file protein.txt (compact mmCIF, C-alpha atoms and all ligand atoms)
# COMPACT_ATOMS: atom_id res chain seq x y z
CA MET A 1 -31.52 35.10 14.67
CA SER A 2 -30.19 32.18 12.68
CA LEU A 3 -29.49 28.89 14.36
CA LEU A 4 -26.34 26.86 13.75
CA SER A 5 -26.45 23.09 14.32
CA VAL A 6 -23.21 21.22 14.82
CA VAL A 7 -23.46 17.49 14.12
CA LEU A 8 -20.86 15.36 15.89
CA PRO A 9 -20.71 11.64 15.06
CA SER A 10 -19.22 9.89 18.09
CA TYR A 11 -18.18 6.28 18.39
CA ASN A 12 -16.50 5.23 21.65
CA GLU A 13 -15.48 8.79 22.41
CA GLU A 14 -16.21 8.97 26.17
CA GLN A 15 -12.99 10.90 26.73
CA ASN A 16 -13.78 13.51 24.10
CA ILE A 17 -17.43 14.45 24.69
CA ALA A 18 -17.09 16.74 27.70
CA ASN A 19 -14.06 18.52 26.32
CA THR A 20 -15.52 18.96 22.83
CA ALA A 21 -18.83 20.24 24.23
CA ARG A 22 -16.98 22.76 26.39
CA VAL A 23 -14.65 23.98 23.61
CA LEU A 24 -17.42 24.31 21.00
CA SER A 25 -19.93 26.04 23.27
CA GLY A 26 -17.17 28.39 24.43
CA ILE A 27 -16.24 29.41 20.89
CA LEU A 28 -19.82 29.76 19.65
CA GLU A 29 -21.04 31.68 22.71
CA GLU A 30 -18.13 34.07 22.48
CA ALA A 31 -18.93 34.69 18.81
CA GLY A 32 -22.57 35.31 19.75
CA ILE A 33 -23.91 32.56 17.50
CA ASP A 34 -27.16 30.82 18.40
CA TYR A 35 -26.27 27.13 18.28
CA GLU A 36 -27.15 23.54 19.12
CA LEU A 37 -24.71 20.65 19.42
CA ILE A 38 -26.00 17.26 18.30
CA PHE A 39 -23.94 14.30 19.44
CA VAL A 40 -24.79 11.05 17.68
CA SER A 41 -23.42 8.08 19.57
CA ASP A 42 -22.95 5.37 16.97
CA GLY A 43 -23.70 2.35 19.16
CA SER A 44 -20.75 3.11 21.41
CA ARG A 45 -19.62 0.39 23.79
CA ASP A 46 -18.20 2.78 26.35
CA ALA A 47 -19.77 5.61 28.37
CA THR A 48 -20.14 7.96 25.40
CA TYR A 49 -23.91 8.28 25.77
CA GLN A 50 -23.66 8.83 29.54
CA GLU A 51 -21.16 11.60 28.83
CA ILE A 52 -23.57 13.13 26.32
CA LEU A 53 -26.39 13.00 28.89
CA LYS A 54 -24.16 14.71 31.42
CA ALA A 55 -23.24 17.45 28.96
CA ALA A 56 -26.89 17.89 27.96
CA ARG A 57 -27.90 18.32 31.59
CA GLN A 58 -25.42 21.16 31.97
CA ASN A 59 -26.24 22.87 28.69
CA PRO A 60 -29.74 22.71 27.17
CA ARG A 61 -28.30 23.50 23.73
CA ILE A 62 -26.68 20.07 23.71
CA LYS A 63 -28.71 17.18 22.30
CA GLY A 64 -27.80 13.58 21.80
CA VAL A 65 -29.05 10.29 20.48
CA GLU A 66 -27.77 6.75 20.74
CA PHE A 67 -27.97 4.13 17.99
CA SER A 68 -29.09 0.62 18.80
CA ARG A 69 -25.77 -0.64 17.39
CA ASN A 70 -22.83 0.61 15.36
CA PHE A 71 -24.13 1.80 11.99
CA GLY A 72 -21.01 3.64 10.81
CA LYS A 73 -20.01 7.27 10.50
CA GLU A 74 -22.16 7.91 7.41
CA ALA A 75 -25.28 6.86 9.31
CA SER A 76 -24.33 9.09 12.26
CA ILE A 77 -23.89 12.07 9.95
CA PHE A 78 -27.26 11.50 8.30
CA ALA A 79 -29.02 11.00 11.62
CA GLY A 80 -27.52 14.26 12.84
CA MET A 81 -28.68 16.07 9.71
CA GLN A 82 -32.22 14.74 10.16
CA LEU A 83 -32.30 15.90 13.77
CA ALA A 84 -30.74 19.29 13.15
CA LEU A 85 -33.07 22.28 13.34
CA GLY A 86 -30.49 24.88 12.31
CA ASP A 87 -30.53 27.23 9.32
CA ALA A 88 -26.99 26.04 8.73
CA VAL A 89 -25.48 22.72 9.77
CA VAL A 90 -21.82 21.98 10.39
CA VAL A 91 -20.66 18.37 10.38
CA MET A 92 -17.41 17.69 12.19
CA ASP A 93 -15.54 14.91 14.01
CA CYS A 94 -16.01 14.96 17.75
CA ASP A 95 -12.31 14.32 18.46
CA LEU A 96 -11.48 17.96 17.61
CA GLN A 97 -9.18 16.87 14.78
CA HIS A 98 -11.24 19.32 12.78
CA PRO A 99 -10.16 22.64 14.33
CA PRO A 100 -13.31 24.25 15.81
CA GLN A 101 -12.22 27.84 15.08
CA VAL A 102 -12.82 27.13 11.39
CA ILE A 103 -16.58 27.00 12.14
CA LEU A 104 -16.48 30.78 12.52
CA GLN A 105 -14.97 31.18 9.04
CA MET A 106 -17.58 28.81 7.62
CA TRP A 107 -20.36 30.70 9.38
CA LYS A 108 -19.09 33.98 7.96
CA LEU A 109 -19.04 32.54 4.42
CA TRP A 110 -22.57 31.20 4.94
CA GLN A 111 -23.72 34.66 5.96
CA ASP A 112 -22.12 35.93 2.75
CA GLY A 113 -24.53 33.68 0.88
CA TYR A 114 -22.64 30.46 0.28
CA GLU A 115 -24.74 27.32 0.68
CA VAL A 116 -21.96 24.74 0.95
CA VAL A 117 -18.62 25.38 2.61
CA GLU A 118 -16.21 22.49 2.12
CA GLY A 119 -13.41 21.93 4.61
CA ILE A 120 -10.22 21.16 2.71
CA LYS A 121 -7.30 19.49 4.48
CA LEU A 122 -4.06 21.43 4.09
CA SER A 123 -1.95 18.44 4.94
CA ARG A 124 -3.22 14.99 5.75
CA GLY A 125 -1.94 15.02 9.33
CA LYS A 126 0.06 12.11 10.65
CA GLU A 127 -0.70 9.05 8.55
CA SER A 128 1.36 6.08 7.51
CA LEU A 129 2.88 6.07 4.02
CA ALA A 130 0.67 3.15 2.96
CA HIS A 131 -2.37 5.07 4.15
CA LYS A 132 -1.31 8.22 2.28
CA LEU A 133 -0.66 6.32 -0.95
CA SER A 134 -3.92 4.39 -0.88
CA ALA A 135 -5.91 7.48 0.09
CA GLY A 136 -4.22 9.37 -2.77
CA LEU A 137 -5.10 6.63 -5.25
CA PHE A 138 -8.65 6.40 -3.94
CA TYR A 139 -9.26 10.13 -4.32
CA ARG A 140 -7.70 10.16 -7.79
CA ILE A 141 -10.09 7.39 -8.89
CA MET A 142 -13.10 8.96 -7.17
CA SER A 143 -12.36 12.41 -8.58
CA GLY A 144 -12.07 10.97 -12.08
CA MET A 145 -15.29 9.05 -11.76
CA ILE A 146 -17.49 11.73 -10.33
CA LYS A 147 -15.67 14.33 -12.45
CA MET A 148 -15.04 16.61 -9.50
CA ASP A 149 -11.80 17.26 -7.69
CA MET A 150 -12.22 15.65 -4.31
CA ASN A 151 -8.61 15.54 -3.29
CA ALA A 152 -8.12 16.68 0.30
CA SER A 153 -11.88 16.95 0.81
CA SER A 154 -13.17 15.84 4.18
CA ASP A 155 -16.32 15.35 6.21
CA TYR A 156 -15.83 18.80 7.76
CA LYS A 157 -18.45 20.96 6.05
CA LEU A 158 -21.08 23.59 6.56
CA LEU A 159 -24.36 23.09 4.73
CA ASP A 160 -27.28 25.42 4.30
CA ARG A 161 -30.75 24.22 5.35
CA LYS A 162 -31.68 23.70 1.67
CA VAL A 163 -28.74 21.35 1.12
CA VAL A 164 -29.40 19.48 4.36
CA ASP A 165 -33.00 18.91 3.31
CA VAL A 166 -31.85 17.53 -0.04
CA LEU A 167 -29.26 15.18 1.47
CA ALA A 168 -31.31 14.05 4.47
CA GLY A 169 -34.19 13.29 2.10
CA LEU A 170 -32.18 10.99 -0.17
CA PRO A 171 -33.77 7.54 -0.12
CA GLU A 172 -30.54 5.61 -0.65
CA ARG A 173 -29.00 3.58 2.12
CA ASN A 174 -25.42 3.53 0.92
CA THR A 175 -24.27 7.10 1.06
CA PHE A 176 -20.94 8.84 0.66
CA PHE A 177 -21.38 12.17 2.39
CA ARG A 178 -18.06 13.58 1.24
CA ALA A 179 -18.96 13.27 -2.43
CA LEU A 180 -22.70 13.87 -2.11
CA THR A 181 -22.23 17.54 -1.32
CA PHE A 182 -20.29 17.90 -4.60
CA TRP A 183 -23.03 16.00 -6.36
CA ALA A 184 -25.76 18.21 -4.88
CA GLY A 185 -24.20 21.39 -6.27
CA PHE A 186 -25.40 24.75 -4.80
CA ARG A 187 -23.21 27.80 -4.25
CA THR A 188 -20.02 26.25 -2.97
CA THR A 189 -16.81 27.55 -1.54
CA SER A 190 -14.11 26.08 0.65
CA VAL A 191 -11.91 26.83 3.62
CA GLU A 192 -8.58 25.20 4.32
CA TYR A 193 -7.67 23.77 7.68
CA GLU A 194 -4.84 21.89 9.28
CA VAL A 195 -5.79 18.45 10.63
CA GLN A 196 -5.10 18.39 14.37
CA GLU A 197 -3.73 15.59 16.49
CA ARG A 198 -6.28 13.46 18.27
CA LEU A 199 -6.36 14.43 21.96
CA TYR A 200 -7.89 11.31 23.49
CA GLY A 201 -8.63 7.80 22.30
CA GLU A 202 -7.58 6.41 18.97
CA SER A 203 -8.67 6.35 15.34
CA LYS A 204 -11.55 3.98 14.58
CA TRP A 205 -10.30 3.01 11.14
CA SER A 206 -8.32 -0.10 10.33
CA MET A 207 -6.75 -0.78 6.94
CA TRP A 208 -9.47 -3.36 6.28
CA SER A 209 -12.34 -1.03 7.14
CA LEU A 210 -10.80 1.66 4.94
CA MET A 211 -10.61 -0.77 2.03
CA LYS A 212 -14.24 -1.76 2.49
CA TYR A 213 -15.14 1.93 2.70
CA ALA A 214 -13.29 2.65 -0.56
CA VAL A 215 -14.95 -0.18 -2.50
CA SER A 216 -18.40 0.68 -1.21
CA ASN A 217 -17.94 4.35 -2.07
CA VAL A 218 -16.66 3.68 -5.57
CA THR A 219 -19.56 1.37 -6.31
CA SER A 220 -22.14 3.65 -4.76
CA PHE A 221 -21.06 6.47 -7.06
CA SER A 222 -20.13 4.80 -10.32
CA THR A 223 -20.82 1.88 -12.60
CA LEU A 224 -17.34 2.08 -14.12
CA PRO A 225 -16.27 -1.31 -12.71
CA LEU A 226 -19.19 -2.87 -14.62
CA GLN A 227 -17.97 -1.32 -17.86
CA LEU A 228 -14.55 -2.75 -17.05
CA VAL A 229 -16.10 -6.21 -17.31
CA MET A 230 -17.09 -5.35 -20.88
CA VAL A 231 -13.52 -4.25 -21.67
CA LEU A 232 -12.16 -7.52 -20.28
CA GLY A 233 -14.60 -9.40 -22.50
CA ILE A 234 -13.52 -7.49 -25.62
CA PHE A 235 -9.87 -8.21 -24.88
CA SER A 236 -10.58 -11.92 -24.48
CA ILE A 237 -12.44 -12.00 -27.79
CA LEU A 238 -9.64 -10.24 -29.71
CA PHE A 239 -7.12 -12.56 -28.14
CA SER A 240 -9.17 -15.63 -28.96
CA ILE A 241 -9.52 -14.58 -32.63
CA VAL A 242 -5.74 -14.44 -32.99
CA LEU A 243 -5.26 -17.74 -31.21
CA GLY A 244 -8.14 -19.36 -33.10
CA ILE A 245 -6.62 -18.50 -36.47
CA GLN A 246 -3.23 -19.81 -35.37
CA THR A 247 -4.77 -23.05 -34.15
CA LEU A 248 -6.74 -23.55 -37.37
CA VAL A 249 -3.69 -22.90 -39.52
CA LYS A 250 -1.68 -25.41 -37.48
CA TYR A 251 -4.50 -27.94 -37.80
CA LEU A 252 -4.68 -27.53 -41.58
CA MET A 253 -0.90 -27.91 -41.83
CA GLY A 254 -1.14 -31.11 -39.83
CA THR A 255 1.02 -29.93 -36.91
CA ALA A 256 -1.64 -29.52 -34.25
CA VAL A 257 -0.67 -32.05 -31.58
CA GLU A 258 1.27 -29.83 -29.17
CA GLY A 259 -0.23 -26.96 -27.24
CA PHE A 260 -1.22 -28.48 -23.92
CA THR A 261 0.49 -25.60 -22.05
CA THR A 262 -1.51 -23.09 -24.08
CA VAL A 263 -4.74 -24.86 -23.17
CA ILE A 264 -3.99 -24.80 -19.45
CA LEU A 265 -2.93 -21.13 -19.55
CA LEU A 266 -6.06 -20.19 -21.48
CA ILE A 267 -8.32 -21.97 -19.02
CA LEU A 268 -6.63 -20.23 -16.11
CA ILE A 269 -6.71 -16.75 -17.66
CA ILE A 270 -10.28 -16.95 -18.89
CA GLY A 271 -11.38 -18.55 -15.63
CA GLY A 272 -9.79 -15.62 -13.78
CA PHE A 273 -11.53 -13.05 -15.99
CA ILE A 274 -14.88 -14.73 -15.49
CA MET A 275 -14.51 -14.93 -11.72
CA ILE A 276 -13.52 -11.27 -11.43
CA SER A 277 -16.38 -10.21 -13.66
CA LEU A 278 -18.87 -12.27 -11.69
CA GLY A 279 -17.46 -10.78 -8.49
CA ILE A 280 -17.97 -7.24 -9.75
CA ILE A 281 -21.47 -7.96 -10.97
CA GLY A 282 -22.24 -9.79 -7.72
CA HIS A 283 -21.13 -6.77 -5.76
CA TYR A 284 -23.56 -4.54 -7.60
CA ILE A 285 -26.37 -7.05 -7.17
CA ALA A 286 -25.63 -7.06 -3.44
CA ARG A 287 -25.94 -3.28 -3.42
CA ILE A 288 -29.24 -3.44 -5.28
CA TYR A 289 -30.46 -6.08 -2.82
CA GLU A 290 -29.56 -3.86 0.13
CA GLU A 291 -31.27 -0.82 -1.36
CA VAL A 292 -34.38 -2.74 -2.39
CA LYS A 293 -34.96 -3.97 1.14
CA GLY A 294 -35.35 -0.32 2.08
CA ARG A 295 -34.26 -0.73 5.68
CA PRO A 296 -33.49 2.46 7.61
CA LYS A 297 -29.93 3.76 7.63
CA PHE A 298 -29.88 3.73 11.43
CA ILE A 299 -32.00 2.90 14.46
CA ILE A 300 -32.16 5.30 17.38
CA SER A 301 -32.55 3.56 20.72
CA ARG A 302 -32.33 6.52 23.11
CA ALA A 303 -32.38 10.29 22.93
CA THR A 304 -32.03 13.24 25.26
CA ASP A 305 -35.28 14.96 26.28
CA ASN A 306 -34.72 18.00 24.06
CA VAL A 307 -34.75 15.90 20.88
CA GLN A 308 -38.14 16.30 19.25
CA GLY A 309 -40.27 13.59 17.71
CA ASN A 310 -40.74 9.90 18.21
CA VAL A 311 -37.18 8.71 18.25
CA THR A 312 -37.35 4.96 18.47
CA GLY A 313 -37.42 2.74 15.43
CA ASN A 314 -37.24 4.15 11.95
CA TRP A 315 -37.13 7.73 12.99
CA ARG A 316 -37.74 10.52 10.54
CA LYS A 317 -38.05 14.22 11.13
CA GLN A 318 -41.74 15.05 11.47
N1 LIG A 401 -17.12 7.49 13.97
C1 LIG A 401 -18.45 7.09 14.00
N2 LIG A 401 -18.77 5.77 13.71
C2 LIG A 401 -17.81 4.85 13.38
C3 LIG A 401 -16.46 5.29 13.32
C4 LIG A 401 -16.16 6.61 13.62
O1 LIG A 401 -19.35 7.88 14.29
O2 LIG A 401 -18.16 3.70 13.14
C5 LIG A 401 -16.78 8.91 14.28
C6 LIG A 401 -15.71 9.08 15.36
O3 LIG A 401 -16.26 9.08 16.66
C7 LIG A 401 -15.12 10.44 15.00
C8 LIG A 401 -15.25 10.47 13.48
O4 LIG A 401 -16.23 9.50 13.13
O5 LIG A 401 -15.84 11.52 15.56
C9 LIG A 401 -13.93 10.19 12.79
O6 LIG A 401 -13.40 8.97 13.26
P1 LIG A 401 -11.87 8.80 13.63
O7 LIG A 401 -11.37 9.99 14.41
O8 LIG A 401 -11.71 7.47 14.27
O9 LIG A 401 -11.22 8.77 12.17
P2 LIG A 401 -9.90 9.56 11.68
O10 LIG A 401 -9.97 10.95 12.24
O11 LIG A 401 -8.77 8.79 12.20
O12 LIG A 401 -10.04 9.53 10.19
MG MG A 402 -10.26 11.53 14.09
call {"tool": "encode", "arguments": {"input": "protein.txt", "output": "C-alpha cells", "more": "lines below"}}
Ligand code: UDP
Ligand code: MG
result
Amino acid sequence: MSLLSVVLPSYNEEQNIANTARVLSGILEEAGIDYELIFVSDGSRDATYQEILKAARQNPRIKGVEFSRNFGKEASIFAGMQLALGDAVVVMDCDLQHPPQVILQMWKLWQDGYEVVEGIKLSRGKESLAHKLSAGLFYRIMSGMIKMDMNASSDYKLLDRKVVDVLAGLPERNTFFRALTFWAGFRTTSVEYEVQERLYGESKWSMWSLMKYAVSNVTSFSTLPLQLVMVLGIFSILFSIVLGIQTLVKYLMGTAVEGFTTVILLILIIGGFIMISLGIIGHYIARIYEEVKGRPKFIISRATDNVQGNVTGNWRKQ
C-alpha cells in the first residue's frame, strides 16, 4: 500500500496543531489512505512543539521536528520533504487555509499517474487591495521571467516521490518552492481550491517580509535585473552622445558659458543610475556569497521519536 506524507510547516501555531492533526487524520483514515503527518515547527516561540509532541503521543503516524530558530517557510517545507517517507508528499499550511478535502482529489490524480498536482487558488481569499495588487504584479513578473504561468499558484501541492527526491536534493540554499515544481517539470496537473479563513492565530506575513520574499524570489530565479543594468547603461550612453554633440557645437560657436543646471542634473541622474546598478549587482553578489558558504537550509534541534536518523545539526536523509 502506498504511503502519503503530509508536510505541515508550522510557525507559532500552538492553537492549530491539535485541530489540524485531528481533521487530517480523520479525513485520511476515512478514505483508507496510509499516511504520516510531518509537522515542522519553524523555531516557534510558543507551545507549537509541545502541541506536536502531544499529538504524536496520541497518534504514531504523527511526526514532528523543531528548528533551532526561525528559518522561514521555505526551509520548513524542504525539511519536511527530506523527512517524508511517503510515495507521494502533500505540502500544505497547517492553519487549514488550504482545504484538507482537496488532498483526496490530489491523491486520486496521483493514482491516475500524475507526478505533480498543483493547488490553484480560485480566489485569493481576504486580502487588502495593496496586497492583491502587489501580489498580482509579482506573479506577472515571475511568470514572465520563468516563462510559466504562475498566477494563483500556491504552496499547496502533491508531489510524487521522484519529484521530492529531485527538489530535496537541490544544493541551493535560496529556494522558491512554488516555482521550483514548475521548473522541475514532470507530468503535471492542477486542482482548484477556495482559500479558507484562518481559524486561529494570525498571518505571519508583514508587508515588509512579503517585499523581501518577492525580491529574493525574483533574484533566485532570474538574472533579468542584471541585464536591466546594461539597458540603463546603453540609455545613458545614447543620451550622452546627444548632449556631447550639443555641448561641442555650443563650444565651437563660442556660447558655452551657461549650463550649470544641466551639469547638476546630469550628475544626479548618472549618480542615481550608478547607485541602482551597484545595488542590483551587490544583491547578486550577496546571493553568491550566501550560496558559496554552503550552510544548511535549516538546523533541527529536536525531533519526535518516530523520526529516523540523526536529527541534530546538518541533518540529511540517510
Ligand atoms: N510559516 C512557517 N515559517 C514562517 C512563517 C510561516 O513555517 O516563518 C508557516 C505557517 O505556520 C503556516 C504557513 O507557513 O502554516 C503559511 O503562513 P501564514 O498562514 O502565516 O501565511 P498566509 O496564509 O497568511 O499567506
Ligand atoms: Mg495562512
call {"tool": "residues_near_ligand", "arguments": {"input": "protein.txt", "ligand": "ligand MG 402 (chain A)", "cutoff": "7 Å", "atoms": "all atoms listed in the file", "output": "list in words"}}
result
Asp93, Asp95, Gln97, Arg198 and Ser203 of chain A
call {"tool": "axis_aligned_box", "arguments": {"input": "protein.txt", "around": "ligand LIG 401 (chain A)", "padding_each_side": "8 Å", "output": "JSON"}}
result
{"center_x": -14.1, "center_y": 7.6, "center_z": 13.4, "size_x": 26.6, "size_y": 23.8, "size_z": 22.5}
call {"tool": "residues_around", "arguments": {"input": "protein.txt", "residues": "stretch 176-181 of chain A", "least_positions_apart": "5", "cutoff": "7 Å", "atoms": "only C-alpha atoms", "output": "PyMOL selection string"}}
result
chain A and resi 74+154-155+217
call {"tool": "residues_near_point", "arguments": {"input": "protein.txt", "point": "(-34.6, 18.1, 15.5)", "cutoff": "6 Å", "atoms": "only C-alpha atoms", "output": "list in words"}}
result
Leu83, Ala84, Leu85, Val307 and Gln308 of chain A
call {"tool": "residues_near_ligand", "arguments": {"input": "protein.txt", "ligand": "ligand LIG 401 (chain A)", "cutoff": "6 Å", "atoms": "only C-alpha atoms and all ligand atoms", "output": "PDB file with C-alpha atoms, keeping the file's coordinate frame"}}
result
ATOM      1  CA  PRO A   9     -20.710  11.640  15.060  1.00  0.00           C
ATOM      2  CA  SER A  10     -19.220   9.890  18.090  1.00  0.00           C
ATOM      3  CA  TYR A  11     -18.180   6.280  18.390  1.00  0.00           C
ATOM      4  CA  GLU A  13     -15.480   8.790  22.410  1.00  0.00           C
ATOM      5  CA  ASP A  42     -22.950   5.370  16.970  1.00  0.00           C
ATOM      6  CA  GLY A  72     -21.010   3.640  10.810  1.00  0.00           C
ATOM      7  CA  LYS A  73     -20.010   7.270  10.500  1.00  0.00           C
ATOM      8  CA  SER A  76     -24.330   9.090  12.260  1.00  0.00           C
ATOM      9  CA  ASP A  93     -15.540  14.910  14.010  1.00  0.00           C
ATOM     10  CA  CYS A  94     -16.010  14.960  17.750  1.00  0.00           C
ATOM     11  CA  ASP A  95     -12.310  14.320  18.460  1.00  0.00           C
ATOM     12  CA  SER A 203      -8.670   6.350  15.340  1.00  0.00           C
ATOM     13  CA  LYS A 204     -11.550   3.980  14.580  1.00  0.00           C
ATOM     14  CA  TRP A 205     -10.300   3.010  11.140  1.00  0.00           C
TER      15      TRP A 205
END
call {"tool": "residues_around", "arguments": {"input": "protein.txt", "residues": "stretch 47-50 of chain A", "least_positions_apart": "2", "cutoff": "7 Å", "atoms": "only C-alpha atoms", "output": "compact mmCIF listing (two decimals) with C-alpha atoms, in the frame of the given file"}}
result
# COMPACT_ATOMS: atom_id res chain seq x y z
CA ASN A 12 -16.50 5.23 21.65
CA GLU A 13 -15.48 8.79 22.41
CA GLU A 14 -16.21 8.97 26.17
CA SER A 41 -23.42 8.08 19.57
CA SER A 44 -20.75 3.11 21.41
CA ARG A 45 -19.62 0.39 23.79
CA ILE A 52 -23.57 13.13 26.32
CA LEU A 53 -26.39 13.00 28.89
CA LYS A 54 -24.16 14.71 31.42
CA GLU A 66 -27.77 6.75 20.74
call {"tool": "atom_distance", "arguments": {"input": "protein.txt", "atom1": "atom CA of A:Leu96", "atom2": "atom CA of A:Asn16"}}
result
8.2 Å
call {"tool": "residues_around", "arguments": {"input": "protein.txt", "residues": "A:Ser222", "least_positions_apart": "2", "cutoff": "12 Å", "atoms": "all atoms listed in the file", "output": "number ranges by chain"}}
result
A: 141-147, 176, 179, 215-220, 224-228, 284
call {"tool": "residues_around", "arguments": {"input": "protein.txt", "residues": "A:Gly233", "least_positions_apart": "2", "cutoff": "12 Å", "atoms": "all atoms listed in the file", "output": "VMD selection string"}}
result
chain A and resid 226 to 231 235 to 240 269 to 274 276 to 278
call {"tool": "atom_distance", "arguments": {"input": "protein.txt", "atom1": "atom CA of A:Ile77", "atom2": "atom CA of A:Glu202"}}
result
19.5 Å
call {"tool": "residues_around", "arguments": {"input": "protein.txt", "residues": "A:Ala256", "least_positions_apart": "5", "cutoff": "10 Å", "atoms": "only C-alpha atoms", "output": "list in words"}}
result
Gln246, Thr247, Leu248, Val249, Lys250 and Tyr251 of chain A
call {"tool": "atom_distance", "arguments": {"input": "protein.txt", "atom1": "atom CA of A:Tyr213", "atom2": "atom CA of A:Ser5"}}
result
26.7 Å
call {"tool": "closest_residue", "arguments": {"input": "protein.txt", "among": "A:Val23, A:Leu28, A:Leu243, A:Leu159", "to": "A:Ser190", "atoms": "all atoms listed in the file"}}
result
A:Leu159
call {"tool": "closest_residue", "arguments": {"input": "protein.txt", "among": "A:Ile281, A:Ile38, A:Ile299, A:Leu199", "to": "A:Val7", "atoms": "all atoms listed in the file"}}
result
A:Ile38
